[in-house]
>>> print(open('start33.txt').read())   # compact mmCIF, C-alpha atoms
# COMPACT_ATOMS: atom_id res chain seq x y z
CA MET A 1 0.00 0.00 0.00
CA LYS A 2 2.79 2.38 0.99
CA LEU A 3 4.70 1.39 -2.13
CA ALA A 4 1.70 2.22 -4.31
CA LEU A 5 1.28 5.53 -2.50
CA THR A 6 4.97 6.32 -3.00
CA LEU A 7 4.67 5.58 -6.72
CA VAL A 8 1.54 7.67 -7.15
CA LEU A 9 3.13 10.59 -5.29
CA THR A 10 6.31 10.26 -7.34
CA LEU A 11 4.42 10.23 -10.62
CA LEU A 12 2.37 13.22 -9.50
CA PHE A 13 5.45 15.21 -8.42
CA LEU A 14 7.36 14.34 -11.58
CA ALA A 15 4.44 15.39 -13.76
CA LEU A 16 4.01 18.67 -11.88
CA GLU A 17 7.75 19.30 -11.88
CA SER A 18 8.00 18.89 -15.64
CA VAL A 19 5.20 21.43 -16.07
CA ALA A 20 6.85 23.81 -13.57
CA VAL A 21 10.13 23.56 -15.46
CA LYS A 22 8.30 24.33 -18.71
CA TYR A 23 6.92 27.57 -17.29
CA VAL A 24 9.81 28.69 -15.13
CA GLY A 25 12.39 27.78 -17.77
CA LEU A 26 15.19 26.63 -15.51
CA GLY A 27 17.41 25.65 -18.44
CA VAL A 28 19.32 22.56 -17.44
CA ALA A 29 18.74 22.83 -13.67
CA ARG A 30 15.96 20.67 -12.25
CA ILE A 31 14.31 20.06 -8.92
CA ASP A 32 15.11 16.50 -7.86
CA VAL A 33 11.83 15.65 -6.14
CA THR A 34 12.60 11.97 -6.49
CA VAL A 35 15.82 12.36 -4.49
CA ALA A 36 13.84 14.11 -1.77
CA ILE A 37 11.45 11.14 -1.68
CA VAL A 38 14.32 8.63 -1.58
CA ALA A 39 15.98 10.67 1.20
CA PHE A 40 12.72 10.54 3.14
CA LEU A 41 12.47 6.79 2.62
CA SER A 42 16.05 6.29 3.77
CA LEU A 43 15.20 8.04 7.04
CA ARG A 44 11.88 6.44 7.79
CA ALA A 45 11.28 3.26 5.79
CA GLY A 46 12.52 -0.24 6.56
CA LEU A 47 15.50 -1.64 4.67
CA LEU A 48 13.67 -3.91 2.23
CA GLU A 49 10.56 -1.74 1.92
CA GLY A 50 12.68 1.36 1.29
CA ALA A 51 14.97 -0.38 -1.20
CA VAL A 52 12.00 -1.63 -3.22
CA ALA A 53 10.31 1.79 -3.13
CA SER A 54 13.58 3.54 -4.10
CA TYR A 55 14.03 1.13 -6.98
CA ALA A 56 10.52 1.93 -8.18
CA VAL A 57 11.01 5.69 -7.75
CA GLY A 58 14.28 5.57 -9.69
CA TYR A 59 12.64 3.49 -12.40
CA LEU A 60 9.93 6.11 -12.78
CA LEU A 61 12.52 8.88 -13.08
CA ASP A 62 14.25 6.82 -15.74
CA LEU A 63 10.96 6.49 -17.62
CA MET A 64 10.25 10.18 -17.40
CA SER A 65 13.71 11.04 -18.70
CA GLY A 66 12.73 10.04 -22.23
CA ARG A 67 15.58 7.58 -22.72
CA PRO A 68 15.68 5.04 -19.88
CA THR A 69 19.12 3.54 -19.29
CA GLY A 70 18.57 2.28 -15.76
CA LEU A 71 21.06 4.76 -14.32
CA TYR A 72 18.54 6.51 -12.11
CA THR A 73 17.12 3.20 -10.88
CA LEU A 74 20.59 2.19 -9.76
CA LEU A 75 21.33 5.60 -8.26
CA ALA A 76 18.05 5.69 -6.34
CA VAL A 77 18.88 2.40 -4.59
CA VAL A 78 22.47 3.51 -3.95
CA THR A 79 21.28 6.89 -2.62
CA PHE A 80 18.78 5.09 -0.37
CA LEU A 81 21.48 2.83 1.07
CA LEU A 82 23.91 5.72 1.57
CA GLY A 83 21.07 7.71 3.10
CA ARG A 84 20.43 4.93 5.60
CA VAL A 85 24.07 4.90 6.62
CA VAL A 86 24.19 8.68 7.02
CA GLY A 87 20.73 8.67 8.59
CA SER A 88 22.00 6.43 11.37
CA LEU A 89 24.56 9.09 12.29
CA VAL A 90 22.40 12.18 12.27
CA ASP A 91 19.08 13.12 13.79
CA VAL A 92 16.63 14.41 11.19
CA ARG A 93 13.30 15.30 12.72
CA THR A 94 12.49 18.76 11.43
CA ALA A 95 11.71 20.07 7.97
CA ARG A 96 14.87 22.20 7.99
CA SER A 97 17.17 19.32 8.89
CA PHE A 98 15.41 17.17 6.30
CA ALA A 99 16.03 19.85 3.67
CA LEU A 100 19.77 19.78 4.50
CA PHE A 101 19.73 15.97 4.39
CA ALA A 102 17.95 15.99 1.01
CA MET A 103 20.41 18.58 -0.34
CA ALA A 104 23.35 16.36 0.65
CA ALA A 105 21.60 13.38 -0.94
CA ASP A 106 20.95 15.38 -4.12
CA ALA A 107 24.56 16.54 -4.34
CA THR A 108 25.72 12.92 -3.99
CA HIS A 109 23.12 11.76 -6.51
CA GLY A 110 24.14 14.48 -8.99
CA LEU A 111 27.85 13.72 -8.64
CA LEU A 112 27.27 9.99 -9.05
CA ALA A 113 25.00 10.55 -12.08
CA TRP A 114 27.59 12.78 -13.69
CA GLY A 115 30.48 10.45 -12.86
CA ILE A 116 28.86 7.17 -13.83
CA GLY A 117 27.17 8.72 -16.89
CA SER A 118 30.48 10.15 -18.13
CA VAL A 119 32.49 7.01 -17.45
CA SER A 120 29.97 4.63 -18.99
CA GLY A 121 29.37 6.92 -21.97
CA LYS A 122 25.66 6.08 -21.84
CA GLN A 123 24.63 9.54 -20.95
CA MET A 124 26.01 12.85 -22.13
CA ALA A 125 26.38 15.39 -19.38
CA LEU A 126 25.09 18.65 -20.79
CA SER A 127 26.67 21.22 -18.61
CA GLY A 128 29.04 19.21 -16.44
CA LEU A 129 28.39 20.10 -12.85
CA SER A 130 27.68 23.79 -13.33
CA GLY A 131 23.94 23.35 -12.78
CA LEU A 132 24.34 21.19 -9.68
CA PRO A 133 24.48 23.93 -7.00
CA LEU A 134 21.23 25.48 -8.22
CA GLU A 135 19.69 22.02 -8.50
CA VAL A 136 20.71 21.15 -4.92
CA PHE A 137 19.36 24.47 -3.65
CA LEU A 138 16.00 23.99 -5.42
CA THR A 139 15.78 20.41 -4.17
CA GLY A 140 16.34 21.70 -0.63
CA ILE A 141 13.42 24.11 -1.01
CA ALA A 142 11.27 21.34 -2.47
CA ALA A 143 12.24 19.10 0.45
CA LEU A 144 11.12 21.79 2.92
CA ILE A 145 7.71 21.84 1.27
CA LEU A 146 7.47 18.07 0.79
CA TYR A 147 8.49 17.05 4.32
CA PRO A 148 5.15 17.73 6.06
CA LEU A 149 3.31 16.29 3.09
CA LEU A 150 5.30 13.05 3.08
CA LYS A 151 4.91 12.79 6.85
CA ARG A 152 1.18 13.22 6.53
CA PHE A 153 0.99 10.46 3.94
CA GLY A 154 2.86 8.26 6.41
CA LEU A 155 5.61 6.93 4.13
CA GLY A 156 7.58 5.13 6.81
CA ALA A 157 7.57 5.47 10.60
CA GLU A 158 9.34 7.93 12.91
CA ARG A 159 12.68 6.61 14.12
CA ARG A 160 12.98 6.42 17.88
CA ASP A 161 16.71 6.61 18.44
CA PRO A 162 18.60 9.86 17.76
CA GLY A 163 21.52 9.75 15.33
CA LEU A 164 24.98 8.79 16.52
CA LEU A 165 26.35 12.26 15.82
CA SER A 166 23.51 14.14 17.52
CA PRO A 167 24.26 15.73 20.85
CA MET B 1 22.70 -22.64 4.93
CA LEU B 2 18.93 -22.26 5.14
CA SER B 3 19.18 -20.66 8.57
CA PHE B 4 21.78 -18.23 7.19
CA LEU B 5 19.44 -17.30 4.34
CA ARG B 6 16.56 -16.89 6.77
CA ARG B 7 18.61 -14.78 9.16
CA HIS B 8 19.96 -12.48 6.44
CA ARG B 9 16.89 -12.47 4.23
CA GLU B 10 16.44 -8.67 4.07
CA PRO B 11 20.08 -7.73 3.31
CA LEU B 12 20.26 -10.47 0.69
CA LEU B 13 17.07 -9.27 -1.00
CA VAL B 14 18.39 -5.70 -0.97
CA CYS B 15 21.62 -6.94 -2.57
CA LEU B 16 19.51 -8.64 -5.23
CA ILE B 17 17.62 -5.42 -5.91
CA LEU B 18 20.90 -3.51 -6.16
CA ALA B 19 22.38 -6.15 -8.44
CA HIS B 20 19.29 -6.09 -10.66
CA ALA B 21 19.46 -2.28 -10.95
CA LEU B 22 23.16 -2.49 -11.79
CA GLY B 23 22.53 -5.23 -14.33
CA MET B 24 19.76 -3.20 -15.93
CA PHE B 25 22.08 -0.20 -16.25
CA LEU B 26 25.00 -2.21 -17.59
CA GLY B 27 22.75 -4.13 -19.95
CA SER B 28 21.04 -1.11 -21.40
CA SER B 29 22.23 0.22 -24.73
CA ARG B 30 22.39 3.81 -25.94
CA ARG B 31 19.57 3.01 -28.33
CA VAL B 32 16.11 4.04 -27.16
CA ARG B 33 14.00 1.01 -26.34
CA GLU B 34 10.36 0.77 -27.27
CA PRO B 35 7.98 1.68 -24.43
CA ASN B 36 6.82 -1.39 -22.49
CA LEU B 37 3.62 -1.82 -20.48
CA VAL B 38 5.01 -0.02 -17.40
CA ASP B 39 6.20 2.87 -19.58
CA ARG B 40 2.79 3.14 -21.15
CA ILE B 41 1.03 3.12 -17.77
CA ALA B 42 3.39 5.84 -16.49
CA PHE B 43 2.69 7.91 -19.61
CA ALA B 44 -1.03 7.34 -19.26
CA VAL B 45 -0.94 8.51 -15.63
CA THR B 46 1.35 11.51 -16.03
CA ALA B 47 0.13 12.96 -19.32
CA PRO B 48 -3.37 13.86 -18.01
CA VAL B 49 -1.83 15.36 -14.84
CA GLN B 50 0.54 17.43 -16.96
CA GLY B 51 -2.32 18.42 -19.27
CA ALA B 52 -4.50 19.44 -16.34
CA ALA B 53 -1.68 21.46 -14.76
CA VAL B 54 -0.93 23.22 -18.04
CA ALA B 55 -4.63 23.95 -18.58
CA THR B 56 -4.98 25.31 -15.03
CA ILE B 57 -1.94 27.56 -15.31
CA ASP B 58 -2.87 28.76 -18.79
CA GLY B 59 -6.47 29.31 -17.72
CA THR B 60 -5.43 31.36 -14.70
CA ALA B 61 -2.93 33.36 -16.75
CA ASN B 62 -5.51 34.01 -19.46
CA ALA B 63 -8.11 35.07 -16.92
CA TRP B 64 -5.60 37.45 -15.34
CA HIS B 65 -4.58 38.90 -18.71
CA GLN B 66 -8.21 39.31 -19.68
CA TYR B 67 -8.91 41.06 -16.41
CA VAL B 68 -5.97 43.43 -16.89
CA SER B 69 -6.92 44.00 -20.52
CA LEU B 70 -10.49 44.68 -19.52
CA ARG B 71 -9.40 47.31 -17.04
CA ASN B 72 -7.23 48.98 -19.65
CA VAL B 73 -9.98 48.88 -22.22
CA ARG B 74 -12.41 50.45 -19.79
CA ARG B 75 -9.99 53.27 -19.05
CA GLU B 76 -9.49 53.89 -22.72
CA ASN B 77 -13.16 53.67 -23.39
CA ALA B 78 -13.86 56.43 -20.95
CA LEU B 79 -11.67 58.77 -22.99
CA LEU B 80 -12.13 57.61 -26.56
CA GLU B 81 -15.28 55.53 -26.72
CA GLU B 82 -17.32 57.54 -29.18
CA GLU B 83 -14.46 58.90 -31.22
CA ASN B 84 -12.57 55.64 -31.73
CA ALA B 85 -15.29 52.98 -31.66
CA LYS B 86 -15.41 52.46 -35.36
CA LEU B 87 -11.63 52.68 -35.75
CA ARG B 88 -11.01 50.13 -33.01
CA ALA B 89 -13.47 47.71 -34.54
CA ASP B 90 -11.64 48.05 -37.84
CA VAL B 91 -8.28 47.49 -36.21
CA VAL B 92 -9.51 44.42 -34.35
CA GLY B 93 -10.97 43.09 -37.56
CA LEU B 94 -7.73 43.73 -39.45
CA ALA B 95 -5.63 42.17 -36.72
CA GLU B 96 -7.79 39.06 -36.80
CA ALA B 97 -7.53 38.91 -40.58
CA ARG B 98 -3.77 39.39 -40.44
CA ALA B 99 -3.37 36.65 -37.86
CA GLU B 100 -5.47 34.32 -39.98
CA ILE B 101 -3.43 35.10 -43.09
CA GLU B 102 -0.22 34.53 -41.15
CA ARG B 103 -1.42 31.16 -39.90
CA LEU B 104 -2.52 30.11 -43.38
CA ARG B 105 0.75 31.31 -44.90
CA ARG B 106 2.74 29.25 -42.44
CA LEU B 107 0.61 26.19 -43.02
CA VAL B 108 0.99 26.61 -46.78
CA HIS B 109 4.73 26.86 -46.26
CA TYR B 110 4.77 23.51 -44.45
CA ASP B 111 2.60 21.96 -47.14
CA GLU B 112 5.20 23.02 -49.70
CA VAL B 113 8.10 21.79 -47.59
CA SER B 114 6.53 18.59 -46.39
CA PRO B 115 3.44 17.34 -48.15
CA GLY B 116 1.49 14.75 -46.20
CA PRO B 117 -0.30 14.53 -42.88
CA LYS B 118 0.74 16.79 -40.06
CA VAL B 119 -0.20 16.71 -36.39
CA VAL B 120 -0.43 19.86 -34.32
CA ALA B 121 0.54 19.14 -30.72
CA ARG B 122 0.84 21.03 -27.49
CA VAL B 123 3.94 20.92 -25.31
CA LEU B 124 2.99 19.40 -21.96
CA GLY B 125 6.32 19.61 -20.18
CA ILE B 126 10.05 19.27 -20.17
CA ASN B 127 11.52 16.05 -18.87
CA PRO B 128 12.91 16.10 -15.33
CA ASP B 129 16.34 14.76 -16.31
CA PRO B 130 18.80 17.63 -16.86
CA ASN B 131 21.03 15.42 -19.01
CA ARG B 132 18.50 14.65 -21.70
CA LEU B 133 16.65 17.43 -23.38
CA THR B 134 13.24 16.17 -24.34
CA LEU B 135 9.82 17.76 -24.46
CA ARG B 136 6.60 15.89 -23.94
CA ILE B 137 3.74 16.61 -26.34
CA ASP B 138 0.09 15.73 -26.01
CA ARG B 139 -0.19 13.71 -29.21
CA GLY B 140 0.86 10.09 -29.61
CA GLU B 141 0.47 6.99 -31.69
CA GLY B 142 -3.31 7.38 -31.60
CA ASP B 143 -2.92 10.63 -33.53
CA GLY B 144 -0.44 9.23 -36.02
CA VAL B 145 2.73 10.32 -34.24
CA ARG B 146 5.58 7.86 -34.72
CA ARG B 147 9.18 7.64 -33.61
CA GLY B 148 11.61 9.54 -35.85
CA GLN B 149 9.13 12.10 -37.17
CA ALA B 150 10.32 15.69 -37.44
CA VAL B 151 8.89 18.24 -35.02
CA VAL B 152 8.84 21.90 -36.02
CA THR B 153 7.27 25.24 -35.26
CA ALA B 154 6.58 28.09 -37.62
CA ASP B 155 10.01 29.47 -36.66
CA GLY B 156 12.00 26.35 -37.51
CA VAL B 157 13.20 22.95 -36.40
CA VAL B 158 12.44 21.78 -32.83
CA GLY B 159 13.60 18.14 -32.90
CA GLN B 160 12.38 14.66 -33.62
CA VAL B 161 10.04 12.22 -31.91
CA LEU B 162 12.08 9.97 -29.64
CA ARG B 163 9.28 7.65 -28.62
CA ALA B 164 5.52 7.67 -28.60
CA THR B 165 2.72 6.05 -26.67
CA ALA B 166 -0.99 6.13 -27.41
CA SER B 167 -1.61 9.62 -26.09
CA ALA B 168 1.75 11.35 -25.70
CA ALA B 169 5.23 11.42 -27.14
CA ASP B 170 8.73 12.56 -26.16
CA VAL B 171 10.60 14.87 -28.52
CA LEU B 172 14.40 15.06 -28.53
CA VAL B 173 15.25 18.72 -29.12
CA VAL B 174 17.93 19.68 -31.63
CA PHE B 175 20.27 21.16 -29.06
CA ASP B 176 20.59 17.85 -27.20
CA PRO B 177 24.16 16.54 -27.76
CA ASN B 178 22.71 13.28 -29.07
CA CYS B 179 20.90 15.08 -31.91
CA ARG B 180 22.37 15.36 -35.41
CA LEU B 181 20.84 16.69 -38.62
CA GLY B 182 21.89 17.53 -42.13
CA GLY B 183 21.98 21.24 -42.89
CA ARG B 184 22.81 23.62 -45.69
CA ILE B 185 24.04 27.21 -45.73
CA GLN B 186 21.24 28.94 -47.58
CA ARG B 187 23.43 31.62 -49.23
CA THR B 188 26.18 29.36 -50.55
CA ARG B 189 24.27 26.02 -50.68
CA SER B 190 27.18 24.31 -48.87
CA ARG B 191 26.12 21.18 -47.04
CA VAL B 192 27.01 21.03 -43.33
CA GLY B 193 26.38 18.88 -40.30
CA VAL B 194 24.49 20.31 -37.33
CA SER B 195 24.73 18.85 -33.84
CA GLY B 196 23.42 19.85 -30.45
CA GLY B 197 25.77 21.53 -28.02
CA GLY B 198 23.68 21.06 -24.91
CA ASP B 199 22.88 24.75 -24.81
CA GLU B 200 19.61 26.07 -26.18
CA GLN B 201 21.43 29.16 -27.39
CA ALA B 202 24.01 27.35 -29.53
CA LEU B 203 24.15 24.45 -31.96
CA LYS B 204 27.41 23.26 -33.50
CA LEU B 205 28.13 23.63 -37.19
CA GLU B 206 30.28 20.74 -38.39
CA TYR B 207 32.11 19.46 -41.44
CA LEU B 208 32.44 22.71 -43.35
CA LEU B 209 35.86 23.10 -44.97
CA ARG B 210 38.05 25.90 -43.69
CA THR B 211 38.22 27.35 -47.18
CA GLU B 212 34.44 27.55 -47.64
CA ASP B 213 32.67 30.88 -47.70
CA LEU B 214 30.84 31.41 -44.40
CA GLU B 215 29.79 34.63 -42.73
CA GLU B 216 28.25 35.56 -39.41
CA GLY B 217 24.47 35.61 -39.73
CA ASP B 218 24.27 33.17 -42.63
CA LEU B 219 21.00 31.26 -42.50
CA VAL B 220 21.25 27.49 -42.00
CA VAL B 221 18.39 25.37 -43.31
CA THR B 222 17.83 21.62 -43.33
CA SER B 223 19.27 19.81 -46.32
CA GLY B 224 16.82 16.90 -46.29
CA THR B 225 19.60 14.34 -46.50
CA ASP B 226 19.10 12.91 -43.03
CA GLY B 227 15.76 11.29 -43.82
CA VAL B 228 14.10 13.00 -40.86
CA TYR B 229 13.71 16.66 -41.71
CA PRO B 230 12.43 17.86 -45.08
CA PRO B 231 14.74 20.30 -46.89
CA GLY B 232 14.37 24.03 -46.41
CA LEU B 233 13.34 24.21 -42.75
CA VAL B 234 15.09 26.99 -40.85
CA VAL B 235 17.61 25.76 -38.26
CA GLY B 236 19.21 29.06 -37.23
CA ARG B 237 21.87 31.65 -37.99
CA VAL B 238 25.61 31.16 -38.04
CA THR B 239 27.50 32.70 -35.16
CA GLY B 240 31.05 32.65 -33.79
CA VAL B 241 32.91 31.69 -36.99
CA GLN B 242 36.51 30.68 -36.21
CA ARG B 243 38.97 29.81 -38.95
CA GLN B 244 41.88 27.93 -37.41
CA THR B 245 45.29 28.00 -39.07
CA SER B 246 45.33 24.20 -39.12
CA GLY B 247 42.79 21.42 -39.55
CA MET B 248 40.30 20.67 -42.29
CA PHE B 249 37.15 22.23 -40.93
CA LEU B 250 36.26 25.58 -39.47
CA ASN B 251 34.50 26.04 -36.15
CA ALA B 252 31.20 27.85 -35.90
CA GLY B 253 28.02 27.83 -33.89
CA ILE B 254 24.39 28.26 -34.87
CA LEU B 255 21.92 30.38 -32.96
CA PRO B 256 18.69 28.33 -33.17
CA ALA B 257 15.73 30.03 -34.83
CA VAL B 258 13.34 28.52 -32.31
CA ASN B 259 13.14 29.95 -28.82
CA PHE B 260 12.88 26.63 -26.98
CA SER B 261 11.84 28.10 -23.67
CA ARG B 262 8.74 29.56 -25.32
CA VAL B 263 7.63 26.67 -27.49
CA GLU B 264 3.98 25.98 -26.79
CA GLU B 265 2.63 24.37 -29.93
CA VAL B 266 4.51 22.26 -32.43
CA VAL B 267 3.78 20.52 -35.70
CA VAL B 268 4.77 16.87 -36.17
CA LEU B 269 5.56 16.29 -39.83
CA ALA B 270 4.99 13.11 -41.82
CA PRO B 271 8.03 10.80 -42.10
CA GLN B 272 10.50 11.85 -44.79
CA PRO B 273 11.73 9.44 -47.43
CA ALA B 274 15.50 9.08 -47.23
CA ALA B 275 17.31 11.21 -49.81
CA SER B 276 18.28 9.14 -52.80
CA PHE B 277 21.41 9.71 -54.85
CA PRO B 278 22.14 8.27 -58.28
CA THR B 279 24.17 5.10 -57.97
CA ARG B 280 26.77 3.84 -60.40
CA SER B 281 24.30 1.34 -61.81
CA ASP B 282 21.76 4.14 -62.35
CA SER B 283 24.26 6.18 -64.36
CA GLN B 284 25.20 3.15 -66.43
CA VAL B 285 21.57 2.53 -67.24
CA ARG B 286 21.15 6.16 -68.32
CA ARG B 287 24.15 5.92 -70.64
>>> encode(input="start33.txt", output="structure tokens")
Amino acid sequence: MKLALTLVLTLLFLALESVAVKYVGLGVARIDVTVAIVAFLSLRAGLLEGAVASYAVGYLLDLMSGRPTGLYTLLAVVTFLLGRVVGSLVDVRTARSFALFAMAADATHGLLAWGIGSVSGKQMALSGLSGLPLEVFLTGIAALILYPLLKRFGLGAERRDPGLLSP
Amino acid sequence: MLSFLRRHREPLLVCLILAHALGMFLGSSRRVREPNLVDRIAFAVTAPVQGAAVATIDGTANAWHQYVSLRNVRRENALLEEENAKLRADVVGLAEARAEIERLRRLVHYDEVSPGPKVVARVLGINPDPNRLTLRIDRGEGDGVRRGQAVVTADGVVGQVLRATASAADVLVVFDPNCRLGGRIQRTRSRVGVSGGGDEQALKLEYLLRTEDLEEGDLVVTSGTDGVYPPGLVVGRVTGVQRQTSGMFLNAGILPAVNFSRVEEVVVLAPQPAASFPTRSDSQVRR
């Protein structure tokens, strides 16, 4: 049920994002709503449930990209796993801290996409990494807005223990 | 063994998922695959949402513009109502007629360039992946749109259909680095290659000899030799000509004729037959 909800939300956000980009005209910078969702899953979903949902979210992003290569499916699962590791060290319970967490996840996701895409030659990077800072910033803002919404939809449960690095 | 599998069931399943994703990425080719059932479902779900969002935003914007226009018209009416009523009606009538003539002229132009069926489509959105520049349009296989068809506006070339489902299609725009087309300098008739540079403000002009005549502002049109675009469609104007002291070809860019950030409606042209050149056997037959 949660998986279906995650997929519906992802499709909805991706559709709305593509329309927003059309009107705002952000050039090559995008808002990575899917990374925000994966970051949320890595904080609150179980290992298997989150990995499956991240796989599905990444697959949808691949589909929406026009030329699916499977890169974003792979990166979504990797980002989820990295997010779980980092999530065990930090305490993310507010929208602001979630925005920072999502920004870090997006920066990692962007770097990995650029690196793997360039090395494999399956995907041409248009502007290198020049658009990444703006993309990370916009994803952070999107994460601020999405956090209460995702919480309300109940994608995953609140973690009880604080992170290892939290005071 | 079984107890090990049972104990580590979740991590093992996650490893399987990761391995499957990796395998899918490594196994994928650069060629665009045909949309499968999942792709079609995703298209079917997102296209109406995109359409509804576009309609809502356009509707709101139109209502706002109409409201502003109405206020302006009222203010003007207060001053000039009696004196200019007839004149304004004439102007409105002329503007309508001019717009109609312009639309017909453009359509006639496309009929000359590319006879055959055409599909007018609306741009629904831009894909969320910054590394692939595709637009989504609201016409698909159900409307006769097929992969590889040329997509244009009245200003010039937009791109080609990358893949289509029943109700929507993705269009690869010409400034995507994966896009290539055959072009011609209109003034000199020299044939050139045009490729995307990843920047909507600049295409790359390729394979033009250093010694060829080329000036800033020269118009580049399609040559029709790529089998996608009919000849004579405007691509853009030459910019940044650089003649190196060595090498075979000169370097130049092309400023696209189409303003991609403002494309709202496009025309999908019928497939073009590949350009045919006389072969040796043809010439022998003629002799």
>>> interface_residues(input="start33.txt", of="chain B", to="chain A", cutoff="6 Å", atoms="all atoms listed in the file", output="list in words")
Glu10, Val14, Ala21, Leu22, Met24, Phe25, Ser28, Arg30, Val32, Thr46, Gln50, Gly125, Ile126, Asn127, Pro128, Asp129, Pro130, Asn131, Gly198 and Ser261 of chain B
>>> residues_around(input="start33.txt", residues="B:Val161", least_positions_apart="6", cutoff="9 Å", atoms="only C-alpha atoms", output="list in words")
Val145, Arg146, Arg147, Gly148, Gln149, Ala150, Val151, Ala169, Asp170, Val171, Leu172, Val173 and Val268 of chain B
>>> residues_around(input="start33.txt", residues="A:Gly83", least_positions_apart="5", cutoff="12 Å", atoms="only C-alpha atoms", output="PyMOL selection string")
chain A and resi 35-45+47+50-51+54+75-78+88-90+92+98+101-106+108-109
>>> atom_distance(input="start33.txt", atom1="atom CA of B:Asn259", atom2="atom CA of B:Gly140")
23.4 Å
>>> atom_distance(input="start33.txt", atom1="atom CA of B:Ser195", atom2="atom CA of B:Arg180")
4.5 Å
>>> axis_aligned_box(input="start33.txt", around="stretch 126-144 of chain A", padding_each_side="5 Å", output="lines of an AutoDock Vina configuration file")
center_x = 20.1
center_y = 22.1
center_z = -8.9
size_x = 27.9
size_y = 16.8
size_z = 33.7
>>> atom_distance(input="start33.txt", atom1="atom CA of B:Ala97", atom2="atom CA of B:Ala154")
18.0 Å
>>> residues_around(input="start33.txt", residues="B:Val157", least_positions_apart="2", cutoff="9 Å", atoms="only C-alpha atoms", output="ChimeraX atom specification")
/B:150-155,159-160,173-174,221-222,229,233-236,256-258
>>> residues_around(input="start33.txt", residues="A:Thr6", least_positions_apart="2", cutoff="8 Å", atoms="all atoms listed in the file", output="PyMOL selection string")
chain A and resi 2-4+8-10+53+57+155
